[in-house]
file run_9.cif (mmCIF, C-alpha atoms)
data_upload
loop_
_atom_site.label_atom_id
_atom_site.label_comp_id
_atom_site.auth_asym_id
_atom_site.auth_seq_id
_atom_site.Cartn_x
_atom_site.Cartn_y
_atom_site.Cartn_z
CA MET A 176 13.13 13.96 33.24
CA GLY A 177 16.49 13.42 31.68
CA SER A 178 15.28 11.74 28.49
CA GLU A 179 12.84 14.55 27.69
CA ILE A 180 15.18 17.55 27.70
CA SER A 181 17.80 18.29 25.09
CA ARG A 182 21.26 19.42 26.08
CA ARG A 183 20.65 22.64 24.17
CA GLN A 184 17.50 23.37 26.20
CA PHE A 185 19.13 22.61 29.54
CA LEU A 186 22.29 24.59 28.82
CA GLY A 187 20.18 27.48 27.59
CA ASP A 188 18.28 27.49 30.86
CA ILE A 189 21.54 27.54 32.81
CA ALA A 190 22.97 30.34 30.67
CA GLU A 191 19.87 32.48 31.18
CA LYS A 192 20.41 32.30 34.93
CA GLY A 193 24.01 33.44 34.80
CA THR A 194 26.07 30.27 35.14
CA SER A 195 29.57 30.58 33.68
CA LEU A 196 30.39 29.31 30.20
CA ALA A 197 33.19 27.23 31.70
CA LEU A 198 30.67 25.36 33.85
CA ILE A 199 28.30 24.95 30.93
CA SER A 200 30.97 23.16 28.91
CA GLN A 201 31.65 20.83 31.84
CA VAL A 202 27.95 20.15 32.39
CA MET A 203 27.62 19.27 28.71
CA GLY A 204 30.14 16.48 29.14
CA LEU A 205 28.45 14.99 32.18
CA ILE A 206 24.71 15.37 31.67
CA GLN A 207 23.05 12.34 30.23
CA PRO A 208 19.52 11.08 29.65
CA PHE A 209 18.27 7.95 31.32
CA GLY A 210 19.84 4.89 29.75
CA GLN A 211 18.30 1.46 29.44
CA ALA A 212 19.61 0.38 32.87
CA GLU A 213 18.14 3.40 34.64
CA ALA A 214 14.86 3.09 32.77
CA SER A 215 14.44 -0.58 33.58
CA ALA A 216 15.16 0.19 37.25
CA GLY A 217 12.83 3.18 37.30
CA ILE A 218 9.27 3.93 38.27
CA VAL A 219 6.84 5.75 36.03
CA ASP A 220 4.93 8.84 37.14
CA SER A 221 2.77 10.74 34.65
CA LYS A 222 4.83 9.41 31.72
CA HIS A 223 8.11 10.36 33.41
CA ILE A 224 10.74 7.89 34.52
CA PHE A 225 12.44 8.38 37.89
CA VAL A 226 15.27 6.49 39.53
CA ALA A 227 13.72 3.79 41.69
CA LYS A 228 15.24 4.90 44.97
CA GLU A 229 13.44 3.76 48.08
CA ALA A 230 12.92 6.60 50.52
CA MET A 231 14.40 6.65 53.99
CA HIS A 232 12.62 7.43 57.25
CA TYR A 233 9.19 5.94 56.69
CA VAL A 234 7.19 3.01 58.08
CA LYS A 235 4.87 0.58 56.34
CA LEU A 236 1.30 0.45 57.58
CA GLY A 237 -1.59 -1.89 56.81
CA ARG A 238 -3.35 -2.05 53.44
CA ARG A 239 -0.21 -0.89 51.62
CA ALA A 240 -0.24 2.55 53.23
CA VAL A 241 2.97 4.18 54.47
CA ARG A 242 3.75 6.93 56.94
CA CYS A 243 6.64 9.27 56.17
CA GLU A 244 8.72 10.21 59.20
CA LEU A 245 11.15 12.57 57.50
CA CYS A 246 9.51 15.82 58.54
CA PRO A 247 7.01 16.88 61.22
CA TRP A 248 3.99 16.47 58.94
CA GLY A 249 4.21 12.68 59.21
CA CYS A 250 2.13 12.18 56.06
CA THR A 251 0.16 8.96 55.82
CA VAL A 252 0.23 8.09 52.11
CA GLY A 253 -2.06 5.62 50.42
CA GLU A 254 -1.15 3.35 47.50
CA GLY A 255 -0.35 5.41 44.42
CA GLN A 256 -0.45 8.71 46.30
CA LYS A 257 2.20 11.32 47.16
CA GLY A 258 2.97 13.17 50.36
CA LEU A 259 2.45 16.88 50.89
CA CYS A 260 5.92 17.56 49.43
CA ARG A 261 4.87 16.10 46.03
CA VAL A 262 8.07 14.06 45.69
CA ARG A 263 7.62 10.99 47.89
CA LYS A 264 5.27 8.40 46.42
CA ASN A 265 3.76 5.16 47.66
CA VAL A 266 4.22 2.46 45.01
CA ASP A 267 2.79 -0.94 45.99
CA GLY A 268 3.27 -0.20 49.68
CA THR A 269 6.87 1.06 49.36
CA CYS A 270 7.77 4.75 49.66
CA TYR A 271 9.97 6.06 46.85
CA THR A 272 11.63 9.42 46.29
CA LEU A 273 10.93 10.85 42.83
CA VAL A 274 13.80 13.36 42.90
CA TYR A 275 16.86 11.20 43.47
CA ALA A 276 19.57 12.18 40.94
CA ASN A 277 16.89 14.31 39.30
CA PRO A 278 17.85 18.00 39.76
CA CYS A 279 16.09 20.89 38.05
CA ALA A 280 18.72 23.54 38.89
CA VAL A 281 22.52 23.37 38.71
CA HIS A 282 24.68 26.47 39.32
CA ILE A 283 27.94 27.71 40.79
CA ASP A 284 27.35 30.50 43.31
CA PRO A 285 29.42 32.52 45.76
CA ILE A 286 29.04 30.98 49.21
CA GLU A 287 27.97 34.44 50.40
CA LYS A 288 24.81 34.10 48.32
CA LYS A 289 23.40 31.32 50.54
CA PRO A 290 24.20 33.35 52.71
CA PHE A 291 27.14 32.00 54.71
CA PHE A 292 29.36 34.77 56.10
CA HIS A 293 31.46 32.66 58.47
CA PHE A 294 32.13 29.75 56.15
CA LEU A 295 35.00 29.73 53.62
CA PRO A 296 34.55 33.38 52.57
CA GLY A 297 35.22 34.18 48.94
CA THR A 298 34.81 30.58 47.75
CA SER A 299 32.25 29.12 45.37
CA ALA A 300 29.58 26.52 46.03
CA PHE A 301 28.30 24.06 43.44
CA SER A 302 24.55 24.41 43.98
CA ILE A 303 21.81 21.93 43.13
CA ALA A 304 18.09 21.66 43.71
CA THR A 305 15.17 19.43 42.82
CA ALA A 306 11.49 20.15 42.62
CA GLY A 307 9.35 20.30 45.74
CA CYS A 308 9.11 21.63 49.28
CA ASN A 309 7.44 20.53 52.51
CA ILE A 310 5.97 23.94 53.35
CA GLU A 311 4.46 26.76 51.28
CA CYS A 312 5.73 30.27 51.99
CA LYS A 313 3.58 32.92 50.35
CA PHE A 314 6.71 34.95 49.62
CA CYS A 315 8.68 32.08 48.05
CA GLN A 316 11.34 33.40 45.65
CA ASN A 317 11.72 30.00 43.95
CA TRP A 318 8.07 29.00 43.85
CA ASP A 319 8.37 27.85 40.23
CA ILE A 320 10.49 24.87 41.34
CA ALA A 321 9.62 24.60 45.04
CA GLN A 322 5.84 24.52 44.73
CA VAL A 323 5.58 21.91 41.97
CA GLY A 324 6.35 18.22 41.48
CA PRO A 325 9.26 16.92 39.40
CA GLU A 326 7.01 15.79 36.56
CA GLN A 327 6.16 19.46 35.93
CA LEU A 328 9.77 20.50 35.31
CA ARG A 329 12.60 19.76 32.90
CA ASN A 330 15.16 17.85 34.94
CA VAL A 331 18.41 16.02 34.23
CA TYR A 332 19.89 12.74 35.37
CA LEU A 333 22.83 13.65 37.61
CA PRO A 334 23.83 10.97 40.13
CA PRO A 335 25.77 11.83 43.32
CA GLU A 336 29.21 10.87 42.05
CA ARG A 337 28.75 13.04 38.95
CA VAL A 338 27.69 16.00 41.09
CA ALA A 339 30.85 15.68 43.17
CA GLN A 340 33.03 15.35 40.06
CA LEU A 341 31.44 18.36 38.42
CA ALA A 342 31.83 20.45 41.58
CA GLN A 343 35.52 19.58 41.79
CA GLN A 344 36.10 20.32 38.10
CA GLY A 345 34.31 23.65 38.49
CA GLY A 346 36.68 24.75 41.23
CA ALA A 347 34.02 24.80 43.96
CA LYS A 348 35.07 24.20 47.54
CA SER A 349 31.65 22.97 48.60
CA ILE A 350 28.35 21.58 47.35
CA ALA A 351 25.25 23.50 48.41
CA TYR A 352 21.83 21.89 48.56
CA THR A 353 19.62 24.90 48.10
CA TYR A 354 16.99 26.89 46.12
CA SER A 355 14.06 24.57 46.92
CA GLU A 356 14.04 22.55 50.18
CA PRO A 357 16.82 19.98 50.64
CA VAL A 358 14.77 18.06 53.20
CA ILE A 359 12.58 16.70 50.41
CA PHE A 360 15.57 15.45 48.41
CA TYR A 361 17.04 13.99 51.57
CA GLU A 362 18.48 10.78 50.11
CA TYR A 363 20.09 12.65 47.22
CA VAL A 364 21.72 15.08 49.67
CA LEU A 365 22.99 12.24 51.84
CA ASP A 366 24.57 10.22 49.03
CA THR A 367 26.00 13.29 47.30
CA SER A 368 27.50 14.48 50.58
CA ARG A 369 29.24 11.14 50.99
CA ALA A 370 30.59 11.34 47.43
CA ALA A 371 31.73 14.91 48.01
CA LYS A 372 33.64 13.97 51.16
CA LYS A 373 35.64 11.42 49.19
CA LEU A 374 36.86 14.22 46.92
CA GLY A 375 37.67 16.59 49.78
CA LEU A 376 34.67 18.85 49.22
CA ARG A 377 32.50 20.40 51.93
CA ASN A 378 28.70 20.18 52.09
CA VAL A 379 26.24 22.89 53.09
CA VAL A 380 22.47 22.80 53.38
CA VAL A 381 20.17 25.80 52.99
CA SER A 382 16.95 24.75 54.72
CA ASN A 383 13.73 25.81 56.36
CA GLY A 384 14.60 23.53 59.28
CA PHE A 385 11.27 21.70 59.10
CA ILE A 386 12.70 18.22 59.63
CA ASN A 387 12.55 15.55 62.33
CA PRO A 388 15.51 15.13 64.71
CA LYS A 389 16.62 11.64 63.66
CA PRO A 390 17.10 12.39 59.93
CA MET A 391 18.69 15.75 60.78
CA GLU A 392 21.20 14.06 63.06
CA GLN A 393 22.03 11.52 60.36
CA TRP A 394 22.56 14.32 57.84
CA CYS A 395 24.93 16.16 60.14
CA LYS A 396 27.46 13.32 60.00
CA TYR A 397 28.25 14.44 56.45
CA LEU A 398 27.43 18.16 56.49
CA ASP A 399 29.84 20.98 57.28
CA ALA A 400 27.41 23.87 57.69
CA VAL A 401 23.68 24.57 57.75
CA LYS A 402 21.77 27.77 57.06
CA ILE A 403 18.29 27.88 58.57
CA ASP A 404 15.55 30.25 57.49
CA LEU A 405 13.80 31.26 60.70
CA LYS A 406 10.75 32.82 59.12
CA ALA A 407 9.46 34.59 62.22
CA TYR A 408 9.08 34.12 65.95
CA SER A 409 5.37 33.39 66.16
CA GLU A 410 3.25 30.34 65.51
CA SER A 411 0.53 32.49 63.95
CA TYR A 412 2.97 33.80 61.31
CA TYR A 413 4.13 30.29 60.45
CA GLN A 414 0.55 29.12 60.06
CA LYS A 415 -0.66 32.15 58.10
CA ILE A 416 2.32 32.86 55.85
CA CYS A 417 4.11 29.50 55.58
CA SER A 418 1.40 26.88 56.24
CA ALA A 419 3.82 25.37 58.76
CA ARG A 420 4.76 25.38 62.45
CA LEU A 421 7.46 27.25 64.35
CA GLN A 422 8.38 24.82 67.13
CA PRO A 423 9.98 22.12 64.92
CA VAL A 424 12.28 24.76 63.44
CA LEU A 425 13.33 25.94 66.90
CA ASP A 426 13.96 22.31 67.83
CA THR A 427 16.17 21.87 64.76
CA LEU A 428 18.23 24.92 65.72
CA LYS A 429 18.75 23.61 69.23
CA LEU A 430 19.76 20.21 67.83
CA LEU A 431 22.35 21.82 65.55
CA LYS A 432 23.79 23.62 68.56
CA GLN A 433 23.85 20.38 70.54
CA LEU A 434 25.64 18.54 67.72
CA GLY A 435 28.29 21.23 67.36
CA MET A 436 27.31 21.94 63.74
CA TRP A 437 28.26 25.31 62.26
CA PHE A 438 25.05 27.13 61.33
CA GLU A 439 23.78 30.57 60.48
CA ILE A 440 20.25 32.01 60.61
CA VAL A 441 18.35 34.15 58.12
CA TYR A 442 15.29 36.12 59.16
CA LEU A 443 13.41 37.59 56.19
CA VAL A 444 11.76 40.83 57.34
CA ILE A 445 8.34 41.40 55.76
CA PRO A 446 6.58 44.74 56.35
CA THR A 447 3.58 44.54 58.72
CA GLU A 448 4.00 40.78 59.21
CA ASN A 449 7.12 40.12 61.32
CA ASP A 450 8.78 43.53 61.66
CA SER A 451 7.70 44.73 65.11
CA ASP A 452 10.16 45.56 67.88
CA ASN A 453 8.59 42.87 70.05
CA GLU A 454 9.11 40.29 67.33
CA PHE A 455 12.75 41.31 66.88
CA LYS A 456 13.39 41.29 70.62
CA GLY A 457 11.70 37.93 71.02
CA VAL A 458 13.71 36.14 68.35
CA CYS A 459 17.00 37.74 69.42
CA ASN A 460 16.48 36.87 73.07
CA TRP A 461 15.61 33.30 72.14
CA ILE A 462 18.73 32.97 70.01
CA GLY A 463 20.94 34.38 72.75
CA GLU A 464 19.47 32.15 75.46
CA ASN A 465 19.31 28.92 73.44
CA LEU A 466 22.02 29.14 70.79
CA GLY A 467 24.52 31.68 72.11
CA ALA A 468 25.69 35.14 71.14
CA ASP A 469 28.04 34.00 68.37
CA VAL A 470 25.48 32.55 65.93
CA PRO A 471 25.43 34.78 62.82
CA LEU A 472 22.00 36.32 62.26
CA HIS A 473 21.09 37.81 58.88
CA PHE A 474 18.12 40.18 58.63
CA SER A 475 17.21 40.01 54.94
CA ARG A 476 15.27 42.47 52.85
CA PHE A 477 12.01 41.20 51.39
CA SER A 478 11.20 41.69 47.70
CA PRO A 479 7.61 41.14 46.48
CA ALA A 480 7.13 37.65 45.03
CA TYR A 481 4.72 34.74 44.53
CA LYS A 482 1.55 35.39 46.54
CA MET A 483 2.84 38.55 48.26
CA LYS A 484 3.46 40.80 45.28
CA ASN A 485 1.17 43.42 46.79
CA TYR A 486 3.58 44.00 49.71
CA PRO A 487 6.28 46.69 49.54
CA PRO A 488 10.00 45.89 49.83
CA THR A 489 11.38 46.11 53.34
CA PRO A 490 12.60 49.63 54.21
CA VAL A 491 16.32 49.66 54.94
CA LYS A 492 15.59 51.57 58.15
CA THR A 493 13.55 48.62 59.39
CA LEU A 494 16.50 46.29 58.84
CA GLU A 495 18.81 48.72 60.63
CA ARG A 496 16.38 48.86 63.54
CA ALA A 497 16.28 45.07 63.72
CA ARG A 498 20.09 44.91 63.71
CA LYS A 499 20.33 47.50 66.48
CA ILE A 500 17.89 45.52 68.64
CA ALA A 501 19.88 42.33 68.04
CA GLN A 502 23.13 44.00 68.99
CA ASP A 503 21.54 45.50 72.10
CA THR A 504 20.48 42.01 73.20
CA GLY A 505 24.12 40.91 73.00
CA LEU A 506 24.36 39.12 69.65
CA ASN A 507 27.84 39.55 68.18
CA TYR A 508 27.40 38.93 64.47
CA VAL A 509 24.33 40.58 62.99
CA TYR A 510 24.04 41.31 59.28
CA ILE A 511 21.72 43.01 56.84
CA GLY A 512 21.05 41.05 53.65
CA ASN A 513 19.91 42.02 50.16
CA VAL A 514 21.19 45.59 50.60
CA ALA A 515 24.42 45.69 48.62
CA GLY A 516 26.98 48.16 49.92
CA SER A 517 25.64 48.29 53.47
CA GLU A 518 28.25 48.47 56.22
CA ALA A 519 26.20 45.76 57.91
CA GLU A 520 27.49 43.25 55.33
CA ASN A 521 30.90 43.32 57.01
CA THR A 522 32.07 41.12 59.88
CA TYR A 523 33.41 43.15 62.79
CA CYS A 524 35.57 41.94 65.64
CA PRO A 525 33.49 42.11 68.84
CA LYS A 526 36.60 43.04 70.85
CA CYS A 527 38.36 45.77 68.87
CA GLY A 528 35.56 46.71 66.46
CA LYS A 529 37.67 46.51 63.31
CA VAL A 530 36.54 44.87 60.08
CA VAL A 531 37.76 41.28 59.82
CA VAL A 532 35.83 40.47 56.62
CA ARG A 533 34.77 43.27 54.27
CA ARG A 534 32.05 42.52 51.70
CA LYS A 535 30.08 44.22 48.98
CA GLY A 536 27.15 42.16 47.82
CA TYR A 537 28.48 38.68 47.10
CA TYR A 538 32.08 39.89 46.80
CA VAL A 539 34.67 39.56 49.55
CA LEU A 540 36.99 42.57 49.39
CA GLU A 541 39.17 42.02 52.44
CA VAL A 542 39.88 39.28 54.99
CA ASN A 543 41.76 40.25 58.13
CA LEU A 544 41.90 36.87 59.83
CA LYS A 545 44.87 34.82 60.87
CA GLU A 546 44.13 31.22 61.84
CA GLY A 547 40.54 32.21 62.57
CA LYS A 548 41.50 35.14 64.78
CA CYS A 549 41.24 38.89 64.34
CA LYS A 550 44.50 40.07 62.76
CA PHE A 551 44.44 43.23 64.84
CA CYS A 552 43.77 42.01 68.38
CA GLY A 553 43.88 38.20 68.25
CA TYR A 554 40.22 37.68 69.23
CA GLU A 555 38.88 34.37 67.94
CA ILE A 556 36.09 34.78 65.39
CA PRO A 557 33.83 31.69 65.27
CA GLY A 558 33.32 30.04 61.92
CA VAL A 559 34.88 27.71 59.34
CA TRP A 560 37.62 29.75 57.75
CA THR A 561 39.91 27.22 56.03
#

call {"tool": "encode", "arguments": {"input": "run_9.cif", "output": "structure tokens"}}
result
Amino acid sequence: MGSEISRRQFLGDIAEKGTSLALISQVMGLIQPFGQAEASAGIVDSKHIFVAKEAMHYVKLGRRAVRCELCPWGCTVGEGQKGLCRVRKNVDGTCYTLVYANPCAVHIDPIEKKPFFHFLPGTSAFSIATAGCNIECKFCQNWDIAQVGPEQLRNVYLPPERVAQLAQQGGAKSIAYTYSEPVIFYEYVLDTSRAAKKLGLRNVVVSNGFINPKPMEQWCKYLDAVKIDLKAYSESYYQKICSARLQPVLDTLKLLKQLGMWFEIVYLVIPTENDSDNEFKGVCNWIGENLGADVPLHFSRFSPAYKMKNYPPTPVKTLERARKIAQDTGLNYVYIGNVAGSEAENTYCPKCGKVVVRRKGYYVLEVNLKEGKCKFCGYEIPGVWT
């Protein structure tokens, strides 16, 4: 909570994770602890004060219980209890979010890190996250913030307007809601997106896609791009590895297509779990039939983490095999992620085969686009380029 972390501690945490000194100096001028007004308007949870922001997308039931309708779990939450996500609490029969204006991570990243390959290449994204998540992936890279509640972390008070100001001052072209799961800090994303729009900034969400249609549709009025982690193409995998369900994620992807939202898909390939030819063919065929051939698909390399440290990293040959299968099914933009220097990081024109965006890791080395079209043959490359 903001009043329990010193500026020195917070800035040290940011510096350890590689944020620029220029950003640190700007953060220092904007970060503030909870003042008397915020404290008096707050709610107390385990000796921490949180902004008293009523949650959206829930219904009140009898005996002061509430039912959250934000994500497919539909948690029924009794008085004084929290939902599965750890960040939505029932206080006297009203559902509150405990993570509004309460981020635990603030960074500036290349947009390619999210990854977005067809969205403002070479630009930076002001990235924020809060504690919590609505599923539990055994391979979670950010488990230390995603699999805990906000009272277990050192957070700062950073309201939406301040986020937008800081992003603009830092030279970012967009704000990314990322690292943990933006669905669980839904209200914070929504209000920050509105504030960002007023300053001419774009908004991107990096999500697991485990959200109900109505809140997703409301979000999309203010978002410019969405990246969805499609963990696998089997219900058994989702249940075993993620403690979740596949179908709601597929439904979210189809909704994004229906709404005309720009989105990209990441498929993390884990050895022995979701790396069979049948699995690759199944997911690629589904994407082609339901979303179209032009949706960028990133096959990412797995690195041991969290509860799957006993698994080996994904062999590069497996990723290359997945990419070949995807291309054979007719998908036009298939990438390999977490393998810096791979030719599969580049964007190629489907018509003439030449490189229209050349990358190395998170760096963009060359852009051969003119008004969104291949500079060499004039073929239109889908994406958000300016």

call {"tool": "resolve_selection", "arguments": {"input": "run_9.cif", "expression": "the PyMOL selection byres ((chain A and resi 495) around 12)", "output": "JSON, numbers by chain"}}
result
{"A": [444, 450, 452, 455, 473, 474, 475, 476, 489, 490, 491, 492, 493, 494, 496, 497, 498, 499, 500, 501, 502, 509, 510, 511, 512, 514, 517, 518, 519, 520]}

call {"tool": "write_last_selection", "arguments": {"input": "run_9.cif", "atoms": "C-alpha atoms", "output": "PDB file, in the coordinates of the input"}}
result
ATOM      1  CA  VAL A 444      11.760  40.830  57.340  1.00  0.00           C
ATOM      2  CA  ASP A 450       8.780  43.530  61.660  1.00  0.00           C
ATOM      3  CA  ASP A 452      10.160  45.560  67.880  1.00  0.00           C
ATOM      4  CA  PHE A 455      12.750  41.310  66.880  1.00  0.00           C
ATOM      5  CA  HIS A 473      21.090  37.810  58.880  1.00  0.00           C
ATOM      6  CA  PHE A 474      18.120  40.180  58.630  1.00  0.00           C
ATOM      7  CA  SER A 475      17.210  40.010  54.940  1.00  0.00           C
ATOM      8  CA  ARG A 476      15.270  42.470  52.850  1.00  0.00           C
ATOM      9  CA  THR A 489      11.380  46.110  53.340  1.00  0.00           C
ATOM     10  CA  PRO A 490      12.600  49.630  54.210  1.00  0.00           C
ATOM     11  CA  VAL A 491      16.320  49.660  54.940  1.00  0.00           C
ATOM     12  CA  LYS A 492      15.590  51.570  58.150  1.00  0.00           C
ATOM     13  CA  THR A 493      13.550  48.620  59.390  1.00  0.00           C
ATOM     14  CA  LEU A 494      16.500  46.290  58.840  1.00  0.00           C
ATOM     15  CA  ARG A 496      16.380  48.860  63.540  1.00  0.00           C
ATOM     16  CA  ALA A 497      16.280  45.070  63.720  1.00  0.00           C
ATOM     17  CA  ARG A 498      20.090  44.910  63.710  1.00  0.00           C
ATOM     18  CA  LYS A 499      20.330  47.500  66.480  1.00  0.00           C
ATOM     19  CA  ILE A 500      17.890  45.520  68.640  1.00  0.00           C
ATOM     20  CA  ALA A 501      19.880  42.330  68.040  1.00  0.00           C
ATOM     21  CA  GLN A 502      23.130  44.000  68.990  1.00  0.00           C
ATOM     22  CA  VAL A 509      24.330  40.580  62.990  1.00  0.00           C
ATOM     23  CA  TYR A 510      24.040  41.310  59.280  1.00  0.00           C
ATOM     24  CA  ILE A 511      21.720  43.010  56.840  1.00  0.00           C
ATOM     25  CA  GLY A 512      21.050  41.050  53.650  1.00  0.00           C
ATOM     26  CA  VAL A 514      21.190  45.590  50.600  1.00  0.00           C
ATOM     27  CA  SER A 517      25.640  48.290  53.470  1.00  0.00           C
ATOM     28  CA  GLU A 518      28.250  48.470  56.220  1.00  0.00           C
ATOM     29  CA  ALA A 519      26.200  45.760  57.910  1.00  0.00           C
ATOM     30  CA  GLU A 520      27.490  43.250  55.330  1.00  0.00           C
TER      31      GLU A 520
END

call {"tool": "atom_distance", "arguments": {"input": "run_9.cif", "atom1": "CA of Arg239 in chain A", "atom2": "CA of Asn309 in chain A"}}
result
22.8 Å

call {"tool": "residues_around", "arguments": {"input": "run_9.cif", "residues": "range 386-401 of chain A", "least_positions_apart": "4", "cutoff": "9 Å", "atoms": "all atoms listed in the file", "output": "ChimeraX atom specification"}}
result
/A:231-232,244-248,291,294,358,361,364-365,368-369,372,377-382,423-424,426-427,430-431,434,436-440,559

call {"tool": "resolve_selection", "arguments": {"input": "run_9.cif", "expression": "the PyMOL selection byres ((chain A and resi 302) around 10)", "output": "compact mmCIF listing (two decimals) with C-alpha atoms, keeping the file's coordinate frame"}}
result
# COMPACT_ATOMS: atom_id res chain seq x y z
CA ALA A 280 18.72 23.54 38.89
CA VAL A 281 22.52 23.37 38.71
CA HIS A 282 24.68 26.47 39.32
CA ILE A 283 27.94 27.71 40.79
CA ASP A 284 27.35 30.50 43.31
CA PRO A 285 29.42 32.52 45.76
CA ILE A 286 29.04 30.98 49.21
CA LYS A 289 23.40 31.32 50.54
CA SER A 299 32.25 29.12 45.37
CA ALA A 300 29.58 26.52 46.03
CA PHE A 301 28.30 24.06 43.44
CA ILE A 303 21.81 21.93 43.13
CA ALA A 304 18.09 21.66 43.71
CA VAL A 338 27.69 16.00 41.09
CA ALA A 342 31.83 20.45 41.58
CA ALA A 347 34.02 24.80 43.96
CA SER A 349 31.65 22.97 48.60
CA ILE A 350 28.35 21.58 47.35
CA ALA A 351 25.25 23.50 48.41
CA TYR A 352 21.83 21.89 48.56
CA THR A 353 19.62 24.90 48.10
CA TYR A 354 16.99 26.89 46.12
CA VAL A 379 26.24 22.89 53.09
CA VAL A 380 22.47 22.80 53.38

call {"tool": "atom_distance", "arguments": {"input": "run_9.cif", "atom1": "CA of Val331 in chain A", "atom2": "CA of Cys270 in chain A"}}
result
21.9 Å

call {"tool": "residues_around", "arguments": {"input": "run_9.cif", "residues": "Lys257 in chain A", "least_positions_apart": "3", "cutoff": "10 Å", "atoms": "all atoms listed in the file", "output": "PyMOL selection string"}}
result
chain A and resi 250-254+260-266+270-273+324

call {"tool": "closest_residue", "arguments": {"input": "run_9.cif", "among": "A:Lys406, A:Lys482, A:His293, A:Arg242", "to": "Gly384 in chain A", "atoms": "only C-alpha atoms"}}
result
A:Lys406

call {"tool": "atom_distance", "arguments": {"input": "run_9.cif", "atom1": "CA of Arg533 in chain A", "atom2": "CA of Val441 in chain A"}}
result
19.2 Å

call {"tool": "residues_around", "arguments": {"input": "run_9.cif", "residues": "range 521-526 of chain A", "least_positions_apart": "5", "cutoff": "7 Å", "atoms": "only C-alpha atoms", "output": "list in words"}}
result
Asn507, Tyr508, Val531, Val532, Arg533, Arg534, Cys549 and Tyr554 of chain A

call {"tool": "closest_residue", "arguments": {"input": "run_9.cif", "among": "A:Gln316, A:Lys432, A:Thr367, A:Gly249", "to": "Glu336 in chain A", "atoms": "all atoms listed in the file"}}
result
A:Thr367

call {"tool": "axis_aligned_box", "arguments": {"input": "run_9.cif", "around": "range 534-552 of chain A", "padding_each_side": "5 Å", "output": "JSON"}}
result
{"center_x": 36.0, "center_y": 37.7, "center_z": 57.6, "size_x": 27.7, "size_y": 23.0, "size_z": 31.6}

call {"tool": "resolve_selection", "arguments": {"input": "run_9.cif", "expression": "the PyMOL selection byres ((chain A and resi 279) around 6)", "output": "list in words"}}
result
Pro278, Ala280, Thr305 and Asn330 of chain A

call {"tool": "closest_residue", "arguments": {"input": "run_9.cif", "among": "A:Leu466, A:Ala227, A:Leu544, A:Ala419", "to": "Gln433 in chain A", "atoms": "only C-alpha atoms"}}
result
A:Leu466
